[in-house]
Structure formats: C-alpha cells, structure tokens
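Listing of coords_21.cif; format and content: mmCIF, C-alpha atoms.
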data_data
loop_
_atom_site.label_atom_id
_atom_site.label_comp_id
_atom_site.auth_asym_id
_atom_site.auth_seq_id
_atom_site.Cartn_x
_atom_site.Cartn_y
_atom_site.Cartn_z
CA MET A 173 48.77 76.81 144.83
CA LYS A 174 48.89 74.52 141.79
CA THR A 175 45.28 73.46 142.29
CA LEU A 176 44.22 77.07 142.66
CA ILE A 177 45.93 77.93 139.37
CA GLN A 178 44.30 74.97 137.63
CA LYS A 179 40.89 75.87 139.05
CA ARG A 180 41.09 79.52 137.95
CA LYS A 181 43.03 79.01 134.73
CA GLY A 182 41.24 81.82 132.84
CA LEU A 183 41.74 84.40 135.56
CA PHE A 184 45.36 83.36 136.00
CA SER A 185 46.02 83.72 132.24
CA LEU A 186 44.44 87.18 132.25
CA LEU A 187 46.48 88.26 135.28
CA SER A 188 49.67 86.91 133.68
CA ALA A 189 48.98 88.86 130.48
CA VAL A 190 48.33 92.08 132.45
CA TYR A 191 51.48 91.45 134.49
CA LEU A 192 53.62 90.95 131.38
CA LEU A 193 52.17 94.05 129.76
CA LEU A 194 52.95 96.04 132.87
CA ILE A 195 56.54 94.78 132.94
CA LEU A 196 56.95 95.66 129.25
CA CYS A 197 55.62 99.20 129.88
CA PHE A 198 58.24 99.63 132.59
CA THR A 199 61.19 98.17 130.68
CA ILE A 200 60.96 98.53 126.88
CA PRO A 201 62.70 101.75 125.77
CA ILE A 202 60.99 103.91 123.16
CA LYS A 203 63.60 104.83 120.56
CA GLN A 204 63.68 108.27 118.96
CA ARG A 205 62.07 109.94 121.94
CA ALA A 206 63.61 111.98 124.73
CA ILE A 207 62.36 113.79 127.82
CA GLU A 208 63.66 117.11 129.07
CA LEU A 209 63.23 117.41 132.84
CA PRO A 210 64.02 119.94 135.57
CA GLY A 211 67.46 119.24 137.05
CA GLY A 212 69.36 121.13 139.72
CA ILE A 213 71.69 124.04 140.41
CA SER A 214 75.46 123.77 140.55
CA SER A 215 77.94 126.19 142.06
CA ILE A 216 80.24 127.94 139.58
CA ALA A 217 82.85 128.18 142.36
CA ALA A 218 83.27 124.41 142.14
CA GLU A 219 84.19 124.66 138.46
CA ILE A 220 86.76 127.47 138.54
CA LYS A 221 89.02 128.78 141.29
CA ILE A 222 90.87 132.08 141.17
CA THR A 223 94.18 131.96 143.02
CA ASP A 224 94.49 134.12 146.16
CA LYS A 225 90.86 135.25 145.99
CA LYS A 226 87.83 134.23 148.02
CA ASN A 227 85.83 132.50 145.31
CA SER A 228 82.28 133.83 145.12
CA GLU A 229 79.76 131.23 146.29
CA GLU A 230 76.78 133.27 145.12
CA PHE A 231 76.56 132.19 141.51
CA TYR A 232 74.91 129.01 140.33
CA SER A 233 74.34 127.61 136.89
CA ILE A 234 71.21 125.59 136.24
CA TYR A 235 71.29 122.23 134.56
CA ILE A 236 68.39 120.26 133.18
CA LEU A 237 68.19 116.55 132.55
CA ASP A 238 67.89 115.03 129.14
CA TYR A 239 66.58 111.50 129.28
CA LYS A 240 66.85 109.56 126.01
CA ASN A 241 64.89 106.41 125.07
CA PRO A 242 62.38 106.53 127.94
CA THR A 243 60.07 103.62 128.71
CA LEU A 244 56.41 103.75 127.74
CA PHE A 245 55.46 104.50 131.35
CA GLN A 246 58.00 107.36 131.58
CA LEU A 247 56.72 108.77 128.29
CA PHE A 248 53.16 108.61 129.62
CA THR A 249 54.01 110.38 132.89
CA ALA A 250 56.11 112.97 131.02
CA ARG A 251 53.17 113.79 128.75
CA LEU A 252 50.96 114.27 131.81
CA SER A 253 53.48 116.48 133.63
CA LYS A 254 53.58 120.22 132.96
CA GLU A 255 57.25 120.38 133.93
CA THR A 256 58.62 118.15 131.19
CA ARG A 257 59.00 118.29 127.44
CA VAL A 258 58.89 115.26 125.18
CA TYR A 259 60.77 115.64 121.93
CA LYS A 260 62.37 113.75 119.08
CA PRO A 261 66.15 113.93 119.54
CA ALA A 262 68.49 114.63 116.62
CA LYS A 263 70.12 111.55 115.16
CA THR A 264 73.53 112.48 116.54
CA ALA A 265 75.41 109.75 118.35
CA ASP A 266 75.59 110.29 122.12
CA LYS A 267 79.39 110.30 122.07
CA LEU A 268 79.47 113.00 119.40
CA ALA A 269 76.82 115.07 121.20
CA PHE A 270 78.88 114.85 124.40
CA LYS A 271 82.03 115.89 122.51
CA ARG A 272 80.23 118.91 121.08
CA GLY A 273 78.80 119.77 124.50
CA SER A 274 82.28 119.55 126.07
CA LEU A 275 83.74 121.77 123.33
CA TYR A 276 80.94 124.30 123.83
CA GLU A 277 81.71 124.33 127.56
CA GLU A 278 85.44 124.83 126.95
CA LEU A 279 84.75 127.74 124.58
CA SER A 280 82.24 129.17 127.02
CA TYR A 281 84.91 129.24 129.76
CA GLN A 282 87.41 130.87 127.37
CA TYR A 283 84.92 133.67 126.57
CA SER A 284 83.87 134.00 130.22
CA LEU A 285 87.46 134.34 131.41
CA ILE A 286 88.36 136.86 128.71
CA THR A 287 85.24 138.98 129.34
CA ALA A 288 85.41 138.83 133.14
CA TYR A 289 89.16 139.60 133.37
CA GLN A 290 88.87 142.46 130.88
CA LYS A 291 85.96 144.03 132.76
CA ALA A 292 87.63 143.52 136.15
CA SER A 293 90.88 145.06 134.87
CA LEU A 294 88.99 148.34 134.38
CA ILE A 295 88.37 148.41 138.15
CA ASP A 296 91.64 146.92 139.41
CA GLN A 297 94.80 147.60 137.39
CA THR A 298 96.59 144.55 138.84
CA ILE A 299 94.12 142.25 137.04
CA SER A 300 95.14 141.31 133.53
CA ILE A 301 94.74 138.64 130.88
CA ASP A 302 96.85 137.84 127.85
CA TYR A 303 95.29 135.72 125.14
CA ASP A 304 95.57 134.93 121.43
CA LEU A 305 93.15 133.72 118.83
CA LYS A 306 94.35 130.27 117.74
CA GLY A 307 91.81 129.74 114.97
CA PHE A 308 88.17 128.80 114.48
CA THR A 309 86.91 125.50 115.76
CA ILE A 310 84.23 123.43 114.07
CA ILE A 311 81.27 123.08 116.39
CA ASP A 312 78.84 121.55 113.92
CA ASN A 313 79.12 120.32 110.36
CA THR A 314 77.56 118.22 107.65
CA ASN A 315 80.82 117.71 105.75
CA LYS A 316 82.13 114.13 105.96
CA ASP A 317 85.79 115.21 105.81
CA LEU A 318 85.51 117.50 108.81
CA LYS A 319 85.10 116.57 112.45
CA ILE A 320 83.80 118.44 115.47
CA ALA A 321 86.69 120.19 117.29
CA ASP A 322 88.83 120.47 114.13
CA LEU A 323 90.62 123.81 114.31
CA VAL A 324 90.60 125.85 111.09
CA VAL A 325 93.91 127.71 111.02
CA LYS A 326 93.97 128.85 107.37
CA VAL A 327 91.33 129.60 104.75
CA ASN A 328 92.59 129.77 101.16
CA GLY A 329 96.12 130.25 102.51
CA GLN A 330 95.14 133.14 104.80
CA ASN A 331 95.66 132.80 108.55
CA THR A 332 92.30 132.72 110.31
CA THR A 333 93.79 134.73 113.19
CA THR A 334 93.45 137.79 110.95
CA PHE A 335 89.64 137.33 110.93
CA THR A 336 86.84 137.80 113.38
CA LEU A 337 83.85 135.44 113.20
CA SER A 338 81.81 137.97 111.21
CA THR A 339 84.63 138.94 108.80
CA LEU A 340 85.32 135.24 108.18
CA ALA A 341 81.64 134.67 107.43
CA ASP A 342 81.67 137.67 105.05
CA TYR A 343 84.83 136.37 103.36
CA LEU A 344 83.30 132.93 102.77
CA ARG A 345 79.88 134.22 101.72
CA ASP A 346 80.71 134.81 98.04
CA LYS A 347 83.04 131.80 97.64
CA GLN A 348 81.81 128.57 96.08
CA GLU A 349 84.79 126.59 97.33
CA ALA A 350 87.32 127.06 100.09
CA GLN A 351 90.61 125.38 100.91
CA LEU A 352 90.87 124.85 104.66
CA GLU A 353 93.98 124.03 106.65
CA ILE A 354 92.85 122.32 109.81
CA LEU A 355 94.57 121.14 112.95
CA ARG A 356 93.36 117.73 114.08
CA ASP A 357 95.17 115.77 116.82
CA GLU A 358 98.17 118.14 116.52
CA LYS A 359 98.47 117.35 112.78
CA LEU A 360 97.79 119.76 109.91
CA LYS A 361 95.42 118.65 107.13
CA GLN A 362 94.24 120.24 103.89
CA ILE A 363 90.54 119.92 103.16
CA THR A 364 88.51 121.49 100.38
CA ILE A 365 84.91 122.34 101.11
CA THR A 366 82.26 123.30 98.57
CA LYS A 367 78.87 124.92 98.96
CA GLY A 368 75.86 122.63 98.90
CA GLU A 369 72.59 123.08 97.03
CA ASP A 370 71.35 125.31 99.85
CA GLY A 371 74.23 127.70 99.15
CA LEU A 372 75.92 126.94 102.46
CA PHE A 373 79.19 125.23 103.37
CA GLY A 374 77.41 123.32 106.14
CA ILE A 375 79.86 124.15 108.91
CA SER A 376 79.50 126.15 112.12
CA LEU A 377 82.60 127.83 113.48
CA LEU A 378 83.45 129.53 116.75
CA PRO A 379 86.67 131.36 117.72
CA PHE A 380 89.11 129.34 119.79
CA TYR A 381 91.44 131.25 122.10
CA ILE A 382 94.59 130.37 123.98
CA ILE A 383 94.96 132.13 127.31
CA ASN A 384 98.70 132.67 127.76
CA GLU A 385 98.70 134.36 131.13
CA ALA A 386 96.25 135.68 133.67
CA ALA A 387 96.81 137.68 136.84
CA PRO A 388 95.63 136.45 139.28
CA ASN A 389 95.93 132.93 137.95
CA TYR A 390 93.04 130.47 137.87
CA LYS A 391 92.40 126.75 137.75
CA THR A 392 89.44 125.09 136.07
CA TYR A 393 87.56 122.01 137.25
CA TYR A 394 84.58 122.04 134.86
CA GLN A 395 86.03 119.05 132.98
CA ASP A 396 85.55 116.86 136.08
CA ASP A 397 81.76 116.49 135.83
CA LYS A 398 79.39 115.16 133.19
CA LYS A 399 77.53 118.44 132.81
CA VAL A 400 78.38 119.92 129.42
CA GLY A 401 77.18 122.81 127.26
CA PRO A 402 77.52 126.58 127.04
CA SER A 403 74.35 127.72 128.84
CA GLY A 404 76.22 128.68 132.03
CA GLY A 405 78.34 131.28 130.17
CA LEU A 406 76.73 134.38 131.68
CA LEU A 407 76.84 133.06 135.25
CA GLN A 408 80.46 131.90 134.82
CA THR A 409 81.42 135.40 133.68
CA LEU A 410 79.63 137.05 136.61
CA SER A 411 81.13 134.61 139.11
CA ILE A 412 84.68 135.19 137.83
CA TYR A 413 84.14 138.95 137.64
CA TYR A 414 82.81 139.31 141.20
CA THR A 415 85.50 136.98 142.56
CA LEU A 416 88.15 139.16 140.92
CA ILE A 417 86.77 142.46 142.23
CA GLU A 418 85.82 140.83 145.58
CA VAL A 419 82.22 142.05 145.79
CA GLU A 420 79.45 140.08 147.48
CA HIS A 421 75.67 140.49 147.24
CA ASN A 422 74.39 138.00 149.84
CA LEU A 423 72.05 136.50 147.25
CA ILE A 424 71.80 133.20 145.45
CA ILE A 425 72.16 134.33 141.87
CA SER A 426 71.39 132.10 138.98
CA GLY A 427 70.27 132.26 135.39
CA THR A 428 71.09 130.99 131.99
CA GLY A 429 72.53 132.20 128.71
CA THR A 430 75.57 131.65 126.56
CA ILE A 431 78.32 134.22 126.37
CA ASP A 432 80.49 135.32 123.46
CA GLU A 433 83.91 136.93 123.61
CA TYR A 434 82.30 140.39 123.53
CA GLY A 435 80.08 139.68 126.56
CA LYS A 436 76.82 139.31 124.64
CA VAL A 437 74.33 136.88 126.16
CA GLY A 438 72.91 134.32 123.75
CA PRO A 439 69.94 131.94 123.67
CA ILE A 440 69.80 128.49 125.24
CA GLY A 441 67.46 125.49 125.35
CA GLY A 442 65.07 124.28 128.05
CA ILE A 443 64.15 127.65 129.60
CA LYS A 444 60.94 126.25 131.07
CA GLN A 445 62.68 123.40 132.89
CA LYS A 446 65.39 125.80 134.10
CA LEU A 447 62.85 128.19 135.60
CA ILE A 448 61.06 125.32 137.34
CA THR A 449 64.41 124.07 138.68
CA ALA A 450 65.32 127.54 139.95
CA ASN A 451 62.08 128.04 141.87
CA GLY A 452 62.65 127.56 145.57
CA LYS A 453 66.43 127.48 145.16
CA VAL A 454 67.54 130.95 144.01
CA ASP A 455 66.84 134.66 144.61
CA LEU A 456 67.62 136.03 141.17
CA PHE A 457 67.37 134.58 137.67
CA PHE A 458 69.03 136.22 134.67
CA CYS A 459 67.31 135.39 131.41
CA PRO A 460 68.55 136.08 127.84
CA GLU A 461 66.34 138.64 126.12
CA GLU A 462 65.52 136.16 123.31
CA HIS A 463 63.70 133.97 125.86
CA TYR A 464 62.25 136.67 128.11
CA LYS A 465 58.71 136.63 126.70
CA GLU A 466 58.46 132.85 127.04
CA ALA A 467 60.17 132.93 130.46
CA LYS A 468 57.84 135.65 131.77
CA ALA A 469 54.78 133.62 130.77
CA ILE A 470 56.17 130.57 132.64
CA TYR A 471 57.25 132.72 135.60
CA ASP A 472 53.74 134.21 135.91
CA LYS A 473 52.28 130.71 136.11
CA LEU A 474 54.62 129.60 138.94
CA SER A 475 52.88 129.44 142.29
CA ASN A 476 54.85 131.60 144.75
CA PRO A 477 58.04 132.17 142.73
CA THR A 478 60.99 132.61 145.09
CA PHE A 479 63.12 134.56 142.64
CA GLU A 480 63.11 137.69 140.55
CA LEU A 481 63.29 137.28 136.77
CA VAL A 482 65.68 139.72 135.09
CA LYS A 483 66.11 140.21 131.34
CA VAL A 484 69.70 140.71 130.15
CA GLY A 485 71.20 141.28 126.72
CA ASP A 486 74.84 141.35 127.79
CA VAL A 487 77.09 141.04 130.85
CA ASP A 488 77.08 144.81 131.43
CA GLU A 489 73.32 144.79 131.95
CA ALA A 490 73.67 142.05 134.57
CA ILE A 491 76.51 143.93 136.32
CA LEU A 492 74.47 147.14 136.25
CA TYR A 493 71.51 145.33 137.78
CA LEU A 494 73.65 143.81 140.55
CA SER A 495 75.26 147.14 141.34
CA MET B 155 52.83 92.99 179.47
CA SER B 156 56.10 93.32 177.55
CA MET B 157 57.61 90.49 179.60
CA LYS B 158 54.66 88.29 178.68
CA LEU B 159 55.02 89.19 175.01
CA PHE B 160 58.73 88.43 175.17
CA SER B 161 58.20 85.01 176.77
CA THR B 162 55.46 84.20 174.18
CA LEU B 163 57.87 85.17 171.45
CA VAL B 164 60.68 83.00 172.87
CA ASP B 165 58.21 80.14 173.21
CA GLN B 166 57.02 80.62 169.60
CA TYR B 167 60.59 80.77 168.36
CA LYS B 168 61.46 77.47 170.08
CA LYS B 169 58.37 75.80 168.57
CA TYR B 170 59.16 77.28 165.17
CA ASN B 171 62.72 75.99 165.29
CA GLU B 172 61.56 72.52 166.29
CA ALA B 173 58.99 72.47 163.47
CA LEU B 174 61.56 73.72 161.00
CA GLU B 175 64.21 71.15 161.96
CA ALA B 176 61.68 68.37 161.48
CA ILE B 177 61.52 69.31 157.78
CA PRO B 178 64.27 67.97 155.48
CA LYS B 179 66.93 70.50 154.50
CA ALA B 180 66.27 70.09 150.76
CA GLN B 181 62.59 70.89 151.26
CA ARG B 182 63.46 73.95 153.33
CA LEU B 183 65.82 75.19 150.64
CA LYS B 184 63.18 74.57 147.95
CA SER B 185 60.61 76.50 149.94
CA TRP B 186 63.04 79.38 150.38
CA LEU B 187 63.77 79.50 146.64
CA ASN B 188 60.08 79.32 145.74
CA ALA B 189 59.20 81.97 148.32
CA SER B 190 61.96 84.22 146.91
CA LEU B 191 60.63 83.79 143.38
CA LEU B 192 57.03 84.44 144.38
CA SER B 193 57.95 87.50 146.44
CA PHE B 194 60.11 88.80 143.60
CA ILE B 195 57.29 88.37 141.07
CA ILE B 196 54.91 90.29 143.34
CA CYS B 197 57.38 93.09 144.14
CA LEU B 198 58.87 93.50 140.65
CA PRO B 199 56.16 95.81 139.17
CA PHE B 200 56.36 98.09 142.23
CA LEU B 201 60.14 98.11 142.03
CA LEU B 202 60.09 98.94 138.29
CA LEU B 203 57.48 101.65 138.86
CA ILE B 204 59.76 103.33 141.41
CA VAL B 205 62.86 102.94 139.21
CA ASN B 206 60.95 104.49 136.29
CA LEU B 207 59.96 107.47 138.41
CA PHE B 208 63.54 108.21 139.45
CA ILE B 209 63.86 110.50 136.41
CA TYR B 210 61.89 113.03 138.49
CA LEU B 211 64.69 114.15 140.77
CA LYS B 212 62.52 116.25 143.06
CA LEU B 213 60.73 113.04 144.10
CA TYR B 214 64.04 111.44 145.04
CA TYR B 215 63.56 111.05 148.81
CA PHE B 216 59.87 110.18 148.42
CA LEU B 217 60.85 107.41 145.99
CA ILE B 218 63.55 106.18 148.35
CA GLY B 219 60.83 105.95 151.01
CA LEU B 220 58.65 103.94 148.63
CA LEU B 221 61.61 101.73 147.75
CA ASN B 222 62.13 101.09 151.44
CA ILE B 223 58.48 100.06 151.79
CA VAL B 224 58.82 97.67 148.83
CA VAL B 225 61.92 96.14 150.41
CA ILE B 226 60.02 95.69 153.70
CA GLY B 227 57.14 94.17 151.73
CA PHE B 228 59.54 91.80 150.01
CA ILE B 229 61.03 90.70 153.34
CA PHE B 230 57.56 90.09 154.78
CA LEU B 231 56.38 88.11 151.74
CA LEU B 232 59.61 86.09 151.69
CA ASN B 233 59.19 85.05 155.33
CA TYR B 234 55.45 84.53 154.99
CA PHE B 235 55.63 82.40 151.82
CA GLN B 236 58.53 80.36 153.20
CA GLN B 237 56.41 79.34 156.17
CA TYR B 238 53.26 78.99 154.02
CA LEU B 239 55.00 76.60 151.61
CA LEU B 240 56.20 74.51 154.58
CA ALA B 241 52.68 74.54 156.06
CA LEU B 242 53.88 76.38 159.15
CA LYS B 243 51.87 79.05 160.96
CA PHE B 244 54.10 81.23 163.14
CA LEU B 245 52.92 84.71 162.15
CA MET B 246 54.63 86.33 165.12
CA ILE B 247 57.99 84.97 163.91
CA VAL B 248 57.24 86.36 160.44
CA ILE B 249 56.54 89.80 161.93
CA VAL B 250 59.62 89.81 164.17
CA LYS B 251 61.88 88.62 161.33
CA THR B 252 60.38 91.28 159.03
CA ILE B 253 61.03 94.02 161.61
CA LEU B 254 64.61 92.90 162.21
CA TYR B 255 65.57 92.46 158.55
CA SER B 256 63.74 95.69 157.62
CA LEU B 257 65.79 97.62 160.17
CA ILE B 258 68.99 96.19 158.68
CA ALA B 259 67.82 96.93 155.10
CA SER B 260 66.74 100.49 156.00
CA SER B 261 70.03 101.21 157.72
CA ILE B 262 71.77 100.24 154.47
CA ILE B 263 69.36 101.99 152.06
CA TRP B 264 69.16 105.44 153.71
CA PRO B 265 72.87 106.25 154.16
CA ILE B 266 73.48 105.24 150.51
CA ALA B 267 70.44 107.31 149.45
CA TYR B 268 71.73 110.35 151.32
CA ILE B 269 75.21 109.99 149.76
CA ILE B 270 73.75 109.75 146.24
CA GLY B 271 71.19 112.49 147.04
CA GLY B 272 74.01 114.81 148.08
CA LEU B 273 75.69 114.33 144.72
CA LEU B 274 72.55 115.22 142.75
#
Would you write out, as structure tokens, the structure that this file holds?
Amino acid sequence: MKTLIQKRKGLFSLLSAVYLLLILCFTIPIKQRAIELPGGISSIAAEIKITDKKNSEEFYSIYILDYKNPTLFQLFTARLSKETRVYKPAKTADKLAFKRGSLYEELSYQYSLITAYQKASLIDQTISIDYDLKGFTIIDNTNKDLKIADLVVKVNGQNTTTFTLSTLADYLRDKQEAQLEILRDEKLKQITITKGEDGLFGISLLPFYIINEAAPNYKTYYQDDKKVGPSGGLLQTLSIYYTLIEVEHNLIISGTGTIDEYGKVGPIGGIKQKLITANGKVDLFFCPEEHYKEAKAIYDKLSNPTFELVKVGDVDEAILYLS
Amino acid sequence: MSMKLFSTLVDQYKKYNEALEAIPKAQRLKSWLNASLLSFIICLPFLLLIVNLFIYLKLYYFLIGLLNIVVIGFIFLLNYFQQYLLALKFLMIVIVKTILYSLIASSIIWPIAYIIGGLL
C-alpha cells in the first residue's frame, strides 16, 4: 500500500483533496440559510381530549420541517428540488422563536376551544364554556424592556380587559407614549413605551384568555411535542367542534390556517410544502382564502392529487362545506 | 452440493484459523485497526451522503436501506482488508463473515428504523 501511494503520489494527492472537499460539503453548516421541507400530518385527537366523548380521529394538522444551517450539499439538493424552499431566516434566537411558537400554539388552542364550544352550544344546550379575557400578550416586539409572553394588563391605568384587540389598537394609534402595566413571571411591572421613527410602538399583541370552566371538560396534550405554531387553528376548532356534537364524516380532513377568537381563518407560512405533504395522505384540504390563489396553482401542478382543495374564510364556511 | 460446500467451508475455516494463529497477536490487532480505519475512510462519504439526505423524510425507508447497504459494505471491507493486510486469502471466510455480521447488523438497524419511522 505504501509503495503504491509513493508511486502514484500525484493521483493520491488529488484524490485526497477531492475526498476532503467532499467531506467538507457534507459537514460544514452554511449559516444564515434555512430550508423549508414537506413534513407530515399529525392527529388533532392526540393533542386534545374531550371528556366522555369519542374524540374525532378525522382531523389532522399538517406540519412542515424547518431545517436551519444546512450543509452545502443539503443546500444544493434543496435548490434542485421543487418541494423545498431555501430562505434566509430571521436573526431571532432559536430559543426565542420556540417560545413564540409555543405561545402562538397556546393562544391558538384558547381561540379554538372558545369558538368550537360556542358553536357547539348552539346545537347542544348542555355544552358550555366560561372564559375571561386576562389581558393582551406580547407576541412580537422590538422594545428592549418588553419580552415575548409578557401580559399587558393595564394601558395608561386602564384595564386592558375593557378593550378588544381593535379598540386597543385604535386607543394607542394617536398616543406618542403609553404606560403599560405588565405581568411577567407572576410579578407586575410598569414599563413606558414610546413610538419609534416609523410611528409605531413596535409591539404585536394578541388577546389572552383564561378558560374557567367547560362542559364537557377537556384535557390538552399539545405541550408534549416539539411542534409549535398557530397554523393548526382551523383544524383544531373543527376537531373539537365535531367531537362535541359527535358527527363523523368518514374522511381524512386536513388543512391549514390560524384561527382568531371570532372564528376567522388567517394566513400561514409554507403553503406549498403543506400541500405536498398532504398529497397521498388526506381527502380534504382547507386553505385560507389569502393563500388560495397560490395553493390552487400548486394543486394544479400536483400529479394525481388525492385530496380536494377547499377555500375557507372562517370556521362557518368549513362547517357548511362539511355538512 | 450443499454438503460439499459446507465441508469446503469448514475446511477453509480450519485453515484460516491455523493461518491466523500463526500470526502474532499484536500484528493481528494492528491489522484489525488499520482495516477499520481504511474501511471507515471509504464508507464515510457514503454515510455522510445518506445522513445529509435524511432531511427528506419521504425518503426515510429508502435511506435506511442505503444505510444498511453501507453497513454491509463496511463489514465486507473490514474483513477483506484485515485478511489483505495479513497476506491471507480466504475469500469464502470473508463472504460468510460478511453475511453473518450483516444479518446481525440488519436485525438491529430495521427494528430501530421502524420505531423511529413510526414517530415521524
């Protein structure tokens, strides 16, 4: 072996260089790049159980995979693939992004439960839900003094429970400065925020509810997995609703879209990857109307789509379609 | 036919063992370490290629299959180089050892793959 190496020194050096280059392509992560890939479907019934009801196994949320700092080889294959998207991720720390995703998921379940129980109570009088607005939680901000998940309980001395999200936005619109009372780790804090040069406070708020009582009761398990985010809101609402009223469709129903406390379906990210994931796994796919045009174009390009694509603006439209 | 093959194999194994025992233990260990290193260097790019492709979940079982082939390749190279470095030529022993160890490796890889695959 040694003599062979010495005899073919040039060839051996060239092969070694190619080998090393190959290993580097497979191992060195490329910072500031991320790949969005098709993922899988996950049963809503595994995330929430309604007591004394046969939990509907028909509804599935779709998750996609977000792969940060890929290797050069992964980046190359992702650019070649039609199913992936390469993008520059925001400079938010992973831990913070996960915290925000978890908070979004928690809020999404609050809104889903409220919407589904309220709609089901119109059909069955024994179904009820009692909840209170606790305040407005910070979901995104550029203010150094504020943190994600801080709960704004007072604005300029006024209880935030007297506001809705839109009336609070209207109230703050013509103010240059606002005194916030926030709840962080069970402690109250006073923080003053001022508008930036762009004329904005630089905070995003969402209503945070406390569910005091629900009949029938429920238990949540969504905290047990690493899947976070609000994009399963619509499907969570439908799953809870149909479990409560005990109606089955004998279909595998999926889709995507956030939900607010009024049942309106909102936009999400990664629609392309979600549609690709759904193909071959589901019978029905609910799509927020904001994404329908893009989704339809992707759907039309799928070879033999196994599902029907349905545009929805709110939960009622989805319920109407299923009925 | 199979009886003849079996007796040839037993005969080869005896000869192989005799040849192996004639070599000092330190040399045998050195050859094993060198064969491991050489096999690892050859298999590493294939292994990394497969690991890199695991981000594509729909290829999961295909990649597990490829991983299994790489493991079998590694076992073959390990046995082959070990004998080669000791100047031994018992190819039948290499093949039989590869088959046996590959069966053991596959029976470990696939149940684990199915457990992880079920969680995906």
- [ ] Please evaluate the PyMOL selection byres ((chain B) within 8 of (chain A)) against the structure above and give the resulting residues as number ranges by chain.
- [x] B: 199, 202-203, 206-207, 209-211, 274
Open item on the list: Could you tell me how far CA of Leu220 (chain B) sits from CA of Phe200 (chain B), in Å to one decimal place?
Closed with: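 Here the two named atoms are 9.0 Å from each other.
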Task: For CA of Lys226 (chain A) and CA of Ser300 (chain A), the interatomic separation in Å (one decimal) - done: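 So the answer is 17.7 Å.
Using all atoms listed in the file, the protein and nucleic acid residues lying no more than 12 Å from Ile196 (chain B), apart from those fewer than 3 places from it along its own chain, are Leu187, Ser188, Tyr191 and Ile195 of chain A; Ala189, Ser190, Leu191, Leu192, Ser193, Pro199, Phe200, Leu201, Leu202, Val224, Val225, Gly227, Phe228, Ile229, Phe230, Leu231, Leu232 and Phe235 of chain B.
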TODO: Skip Asn451 (chain A) itself and residues of its chain fewer than 6 positions away, then list as a PyMOL selection string all residues within 9 Å of it, counting all atoms listed in the file.
DONE: chain A and resi 474+476-479
Go through the shown structure with the PyMOL selection byres ((chain A and resi 217) around 8) and write out the matching residues as a PDB file with C-alpha atoms, keeping the file's coordinate frame.
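Output file expr-v7.pdb is given in full below:
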ATOM      1  CA  SER A 215      77.940 126.190 142.060  1.00  0.00           C
ATOM      2  CA  ILE A 216      80.240 127.940 139.580  1.00  0.00           C
ATOM      3  CA  ALA A 218      83.270 124.410 142.140  1.00  0.00           C
ATOM      4  CA  GLU A 219      84.190 124.660 138.460  1.00  0.00           C
ATOM      5  CA  ILE A 220      86.760 127.470 138.540  1.00  0.00           C
ATOM      6  CA  LYS A 221      89.020 128.780 141.290  1.00  0.00           C
ATOM      7  CA  ASN A 227      85.830 132.500 145.310  1.00  0.00           C
ATOM      8  CA  SER A 228      82.280 133.830 145.120  1.00  0.00           C
ATOM      9  CA  GLU A 229      79.760 131.230 146.290  1.00  0.00           C
ATOM     10  CA  PHE A 231      76.560 132.190 141.510  1.00  0.00           C
ATOM     11  CA  SER A 411      81.130 134.610 139.110  1.00  0.00           C
TER      12      SER A 411
END
Contacts between region 165-177 of chain B and region 191-250 of chain B, please, where a residue of region 191-250 of chain B counts if it comes within 12 Å (with all atoms listed in the file); show its shortest atom pair and distance in Å to one decimal, rows by chain and ascending number, as JSON lines.
{"residue": "B:Gln236", "atom": "CA", "partner": "B:Leu174", "partner_atom": "CA", "distance": 10.7}
{"residue": "B:Gln237", "atom": "CA", "partner": "B:Leu174", "partner_atom": "CA", "distance": 9.0}
{"residue": "B:Leu239", "atom": "CA", "partner": "B:Ile177", "partner_atom": "CA", "distance": 11.6}
{"residue": "B:Leu240", "atom": "CA", "partner": "B:Ile177", "partner_atom": "CA", "distance": 8.1}
{"residue": "B:Ala241", "atom": "CA", "partner": "B:Ala173", "partner_atom": "CA", "distance": 10.0}
{"residue": "B:Leu242", "atom": "CA", "partner": "B:Ala173", "partner_atom": "CA", "distance": 7.8}
{"residue": "B:Lys243", "atom": "CA", "partner": "B:Tyr170", "partner_atom": "CA", "distance": 8.6}
{"residue": "B:Phe244", "atom": "CA", "partner": "B:Tyr170", "partner_atom": "CA", "distance": 6.7}
{"residue": "B:Leu245", "atom": "CA", "partner": "B:Gln166", "partner_atom": "CA", "distance": 9.4}
{"residue": "B:Met246", "atom": "CA", "partner": "B:Gln166", "partner_atom": "CA", "distance": 7.6}
{"residue": "B:Ile247", "atom": "CA", "partner": "B:Tyr167", "partner_atom": "CA", "distance": 6.6}
{"residue": "B:Val248", "atom": "CA", "partner": "B:Tyr167", "partner_atom": "CA", "distance": 10.3}
{"residue": "B:Ile249", "atom": "CA", "partner": "B:Tyr167", "partner_atom": "CA", "distance": 11.8}
{"residue": "B:Val250", "atom": "CA", "partner": "B:Tyr167", "partner_atom": "CA", "distance": 10.0}
- [ ] State, in Å with one decimal place, the distance from CA of His421 (chain A) to CA of Ala288 (chain A).
- [x] 17.2 Å
Open item on the list: Under the PyMOL selection byres ((chain A and resi 305-309) around 7), which residues of this model are included? Write them out as a PyMOL selection string.
Closed with: chain A and resi 303-304+310-311+321-325+332-333+377-382
